[in-house]
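Here is the structure we will look at, set down as structure tokens.
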Amino acid sequence: MSTPGRFIAFEGGEGAGKSTQGRLLAEALRARGLSVVVTREPGGTPGAEAIRALLLDPPGEAWPSQAEALLFAAARADHVAHLIRPALARGDWVICDRFVDSSRAYQGGAGGLGDPAITALHAFGSDGLRPDRVILLEGDEIALSARLEARGGAADAIEGRPAEYHRAVAAAFRAFAEADPEGFARIDAIGTQADVHARILAAIVDLLP
Ligand SMILES: Nc1ncnc2c1ncn2[C@@H]1O[C@H](COP(=O)(O)OP(=O)(O)O)[C@@H](O)[C@H]1O
Ligand SMILES: [Mg+2]
């Protein structure tokens with residue numbers, strides 16, 4: 001019997017290091033002989049990537065917030081059905097850059113739709129699938145925005161929202177982690193990439209076979 005697949009989601013604001021640390025964790029797991037799928041949201045499958053393009057660069061006017069939440073849930077349903085569940089069923093590890101807690105924090109929290117609405121969409125769209133562990137990367141707003149400036153590139157439709165919106169996102173993530181300390185690992189995102197990686201490994205060691 002192979003070991004069961006494990007599902008790790010990286011969450012946090014833009015610039016927190018989700019993509020960087022997801023890659024580093026995947027390398028570390030592969031070095032232990034595990035099969036790892038690295039993916040992201042919104043996106044991860046052709047259908048969900050097509051929806052991503054609609055979300056991050058809306059044609060016409062900005063999406064009404066309810067439509068935005070529905071599009072995220074639709075993209076996630078495709079991603080879960082066509083990529084995440086099959087990978088977990090094979091016994092692979094899945095590392096996902098953002099998952100449903102981003103919808104809860106952005107659309108539900110900062111966007112004002114509320115957690116029950118987002119949770120209900122997720123129950124319908126993806127049968128309520130939860131990660132085995134959420135790695136929540138947290139750090140001082142000013143330090144993280146300096147990283148983003150160094151990374152360069154233009155902000156998308158969601159990144160470009162005002163600082164208060166991003167502060168509300170961070171507060172929502174913190175509240176979810178406080179409400180579910182088993183499901184979330186709060187990781188200090190400040191420090192070298194190697195330091196942060198070591199904190200993350202320590203936070204998932206109990207899931208290793
Ligand atoms: N520990 C770190 N210290 C300094 N810069 C970092 C660190 N981790 C990542 N970066 C850089 O900060 C920027 C944002 O990281 P990234 O992984 O893209 O964040 P996210 O995916 O959460 O938006 C990138 O330019 C990345 O190279
Ligand atoms: Mg990223």
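The chains in the structure tokens are called A, B, ... from first to last as shown; in each chain the residues are counted from 1, and the ligands are counted from 1 in the order shown.
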Step by step, measure atom-to-atom distances between ligand 1 and each residue using only C-alpha atoms and all ligand atoms, keep those at most 6 Å, then write them as JSON, numbers by chain.
-> {"A": [14, 15, 16, 17, 18, 19, 20, 147, 148, 151, 190, 191, 192, 193]}
Keeping only all heavy atoms, write the selected residues as an mmCIF file, in the first residue's frame.
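Written out: result-v3.cif:
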data_model
loop_
_atom_site.group_PDB
_atom_site.id
_atom_site.type_symbol
_atom_site.label_atom_id
_atom_site.label_comp_id
_atom_site.auth_asym_id
_atom_site.auth_seq_id
_atom_site.Cartn_x
_atom_site.Cartn_y
_atom_site.Cartn_z
ATOM 1 N N GLU A 14 0.132 39.033 -0.877
ATOM 2 C CA GLU A 14 1.089 39.124 -1.987
ATOM 3 C C GLU A 14 2.466 39.459 -1.425
ATOM 4 O O GLU A 14 2.582 40.326 -0.561
ATOM 5 C CB GLU A 14 0.663 40.246 -2.941
ATOM 6 C CG GLU A 14 0.001 39.861 -4.229
ATOM 7 C CD GLU A 14 0.288 38.477 -4.737
ATOM 8 O OE1 GLU A 14 1.347 38.276 -5.360
ATOM 9 O OE2 GLU A 14 -0.530 37.589 -4.520
ATOM 10 N N GLY A 15 3.492 38.775 -1.897
ATOM 11 C CA GLY A 15 4.855 39.086 -1.463
ATOM 12 C C GLY A 15 5.278 38.338 -0.211
ATOM 13 O O GLY A 15 6.420 38.453 0.236
ATOM 14 N N ALA A 16 4.386 37.535 0.358
ATOM 15 C CA ALA A 16 4.720 36.830 1.603
ATOM 16 C C ALA A 16 5.735 35.700 1.370
ATOM 17 O O ALA A 16 6.382 35.256 2.319
ATOM 18 C CB ALA A 16 3.451 36.275 2.245
ATOM 19 N N GLY A 17 5.828 35.244 0.121
ATOM 20 C CA GLY A 17 6.785 34.175 -0.180
ATOM 21 C C GLY A 17 6.127 32.829 -0.472
ATOM 22 O O GLY A 17 6.793 31.795 -0.451
ATOM 23 N N LYS A 18 4.850 32.842 -0.788
ATOM 24 C CA LYS A 18 4.126 31.588 -1.044
ATOM 25 C C LYS A 18 4.747 30.797 -2.188
ATOM 26 O O LYS A 18 4.976 29.592 -2.063
ATOM 27 C CB LYS A 18 2.651 31.863 -1.387
ATOM 28 C CG LYS A 18 1.871 32.563 -0.289
ATOM 29 C CD LYS A 18 0.439 32.861 -0.704
ATOM 30 C CE LYS A 18 0.321 33.788 -1.908
ATOM 31 N NZ LYS A 18 0.897 35.139 -1.699
ATOM 32 N N SER A 19 5.000 31.468 -3.313
ATOM 33 C CA SER A 19 5.518 30.748 -4.488
ATOM 34 C C SER A 19 6.934 30.248 -4.226
ATOM 35 O O SER A 19 7.266 29.095 -4.530
ATOM 36 C CB SER A 19 5.484 31.651 -5.723
ATOM 37 O OG SER A 19 4.179 32.148 -5.927
ATOM 38 N N THR A 20 7.758 31.111 -3.641
ATOM 39 C CA THR A 20 9.146 30.747 -3.323
ATOM 40 C C THR A 20 9.171 29.542 -2.381
ATOM 41 O O THR A 20 9.879 28.551 -2.614
ATOM 42 C CB THR A 20 9.848 31.933 -2.626
ATOM 43 O OG1 THR A 20 9.756 33.078 -3.468
ATOM 44 C CG2 THR A 20 11.294 31.623 -2.315
ATOM 45 N N ARG A 147 9.397 43.819 -0.612
ATOM 46 C CA ARG A 147 9.707 42.648 -1.439
ATOM 47 C C ARG A 147 8.990 42.718 -2.773
ATOM 48 O O ARG A 147 9.558 42.415 -3.813
ATOM 49 C CB ARG A 147 9.199 41.382 -0.744
ATOM 50 C CG ARG A 147 10.170 40.786 0.187
ATOM 51 C CD ARG A 147 9.616 39.439 0.615
ATOM 52 N NE ARG A 147 10.259 39.037 1.841
ATOM 53 C CZ ARG A 147 9.909 37.982 2.542
ATOM 54 N NH1 ARG A 147 8.901 37.234 2.145
ATOM 55 N NH2 ARG A 147 10.562 37.662 3.633
ATOM 56 N N LEU A 148 7.708 43.113 -2.707
ATOM 57 C CA LEU A 148 6.916 43.173 -3.934
ATOM 58 C C LEU A 148 7.476 44.211 -4.885
ATOM 59 O O LEU A 148 7.522 43.996 -6.093
ATOM 60 C CB LEU A 148 5.475 43.555 -3.605
ATOM 61 C CG LEU A 148 4.535 42.415 -3.311
ATOM 62 C CD1 LEU A 148 3.131 42.960 -3.103
ATOM 63 C CD2 LEU A 148 4.543 41.406 -4.456
ATOM 64 N N ARG A 151 10.329 42.797 -6.590
ATOM 65 C CA ARG A 151 9.943 41.807 -7.599
ATOM 66 C C ARG A 151 9.512 42.498 -8.891
ATOM 67 O O ARG A 151 9.695 41.959 -9.979
ATOM 68 C CB ARG A 151 8.813 40.915 -7.052
ATOM 69 C CG ARG A 151 8.418 39.800 -8.006
ATOM 70 C CD ARG A 151 7.425 38.815 -7.372
ATOM 71 N NE ARG A 151 6.105 39.404 -7.211
ATOM 72 C CZ ARG A 151 5.071 38.771 -6.643
ATOM 73 N NH1 ARG A 151 5.232 37.551 -6.147
ATOM 74 N NH2 ARG A 151 3.908 39.357 -6.545
ATOM 75 N N ILE A 190 9.377 36.549 7.678
ATOM 76 C CA ILE A 190 10.545 37.441 7.635
ATOM 77 C C ILE A 190 11.789 36.639 8.003
ATOM 78 O O ILE A 190 11.779 35.867 8.965
ATOM 79 C CB ILE A 190 10.347 38.624 8.606
ATOM 80 C CG1 ILE A 190 9.027 39.361 8.303
ATOM 81 C CG2 ILE A 190 11.539 39.593 8.524
ATOM 82 C CD1 ILE A 190 8.886 39.923 6.903
ATOM 83 N N GLY A 191 12.851 36.852 7.224
ATOM 84 C CA GLY A 191 14.095 36.103 7.414
ATOM 85 C C GLY A 191 14.564 35.635 6.056
ATOM 86 O O GLY A 191 13.926 35.941 5.045
ATOM 87 N N THR A 192 15.675 34.910 6.042
ATOM 88 C CA THR A 192 16.153 34.429 4.743
ATOM 89 C C THR A 192 15.207 33.349 4.231
ATOM 90 O O THR A 192 14.435 32.754 5.003
ATOM 91 C CB THR A 192 17.564 33.818 4.862
ATOM 92 O OG1 THR A 192 17.454 32.632 5.657
ATOM 93 C CG2 THR A 192 18.550 34.788 5.504
ATOM 94 N N GLN A 193 15.297 33.073 2.949
ATOM 95 C CA GLN A 193 14.464 32.000 2.378
ATOM 96 C C GLN A 193 14.735 30.688 3.091
ATOM 97 O O GLN A 193 13.804 29.902 3.340
ATOM 98 C CB GLN A 193 14.744 31.868 0.879
ATOM 99 C CG GLN A 193 14.284 33.093 0.095
ATOM 100 C CD GLN A 193 14.380 32.915 -1.406
ATOM 101 O OE1 GLN A 193 14.658 31.819 -1.895
ATOM 102 N NE2 GLN A 193 14.142 33.980 -2.144
#
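Neighbouring residues of Pro46 in chain A at 12 Å or closer, counting only C-alpha atoms and skipping chain neighbours under 6 positions away, are Arg52, Ala53, Ala75, Arg76, Asp78, His79, His82 and Leu83 of chain A.
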Which of these, A:Gly12, A:Pro162, A:Gly5, A:Gly125, has the shortest distance to ligand 2 once you count only C-alpha atoms and all ligand atoms?
->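 Of all the options, A:Gly12 lies closest to ligand 2.
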Tell me which protein, DNA and RNA residues are within 9 Å of Pro209 in chain A, counting only C-alpha atoms, leaving out same-chain ones fewer than 2 positions away, and put them as a PyMOL selection string.
-> chain A and resi 3-4+205-207
Can you write just those residues out, C-alpha atoms, as a JSON list (two decimals), in the first residue's frame?
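Here's the written file selection_5.json:
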[["chain", "number", "residue", "atom", "x", "y", "z"],
["A", 3, "THR", "CA", 1.00, 6.19, 1.76],
["A", 4, "PRO", "CA", -1.91, 8.59, 1.35],
["A", 205, "VAL", "CA", 7.08, 17.09, 9.78],
["A", 206, "ASP", "CA", 4.22, 15.23, 11.47],
["A", 207, "LEU", "CA", 2.60, 14.62, 8.06]]
Give me every alpha helix (DSSP H) residue in range 1-203 of chain A, going by DSSP on the backbone, as a ChimeraX atom specification.
-> /A:18-31,46-56,65-79,85-90,100-103,115-126,141-151,163-179,193-203
Nearest candidate to Arg98 in chain A (options A:Leu144, A:Val38, A:Leu24, A:Ala175; using only C-alpha atoms) = A:Val38
Residue contacts of Leu55 in chain A (8 Å, only C-alpha atoms) excluding same-chain residues fewer than 2 positions away, as a list in words |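 Close residues of Leu55 in chain A: Ile51, Arg52, Ala53, Asp57, Pro58, Trp63, Glu68, Leu71, Phe72 and Ala157 of chain A.
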Please indicate the distance in Å from CA of Gly109 in chain A to CA of Gln66 in chain A, rounded to one decimal place.
->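 Between CA of Gly109 in chain A and CA of Gln66 in chain A the gap is 12.9 Å.
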Would you work out the distance separating CA of Ala26 in chain A from CA of Gly153 in chain A, expressed in Å to one decimal?
-> 25.2 Å
Within 9 Å of Ala172 in chain A, counting only C-alpha atoms, which residues qualify if same-chain residues fewer than 4 places away don't, as a list in words?
->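 My list of contacting residues is Arg104, Ala105, Tyr106, Gly108, Gly109, Ala110, Arg167, Ala168, Phe176 and Ala177 of chain A.
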With only C-alpha atoms as the basis for distance, which of A:Phe99, A:Phe184, A:Phe173, A:Tyr165 is at the shortest distance from Pro42 in chain A?
-> A:Phe99
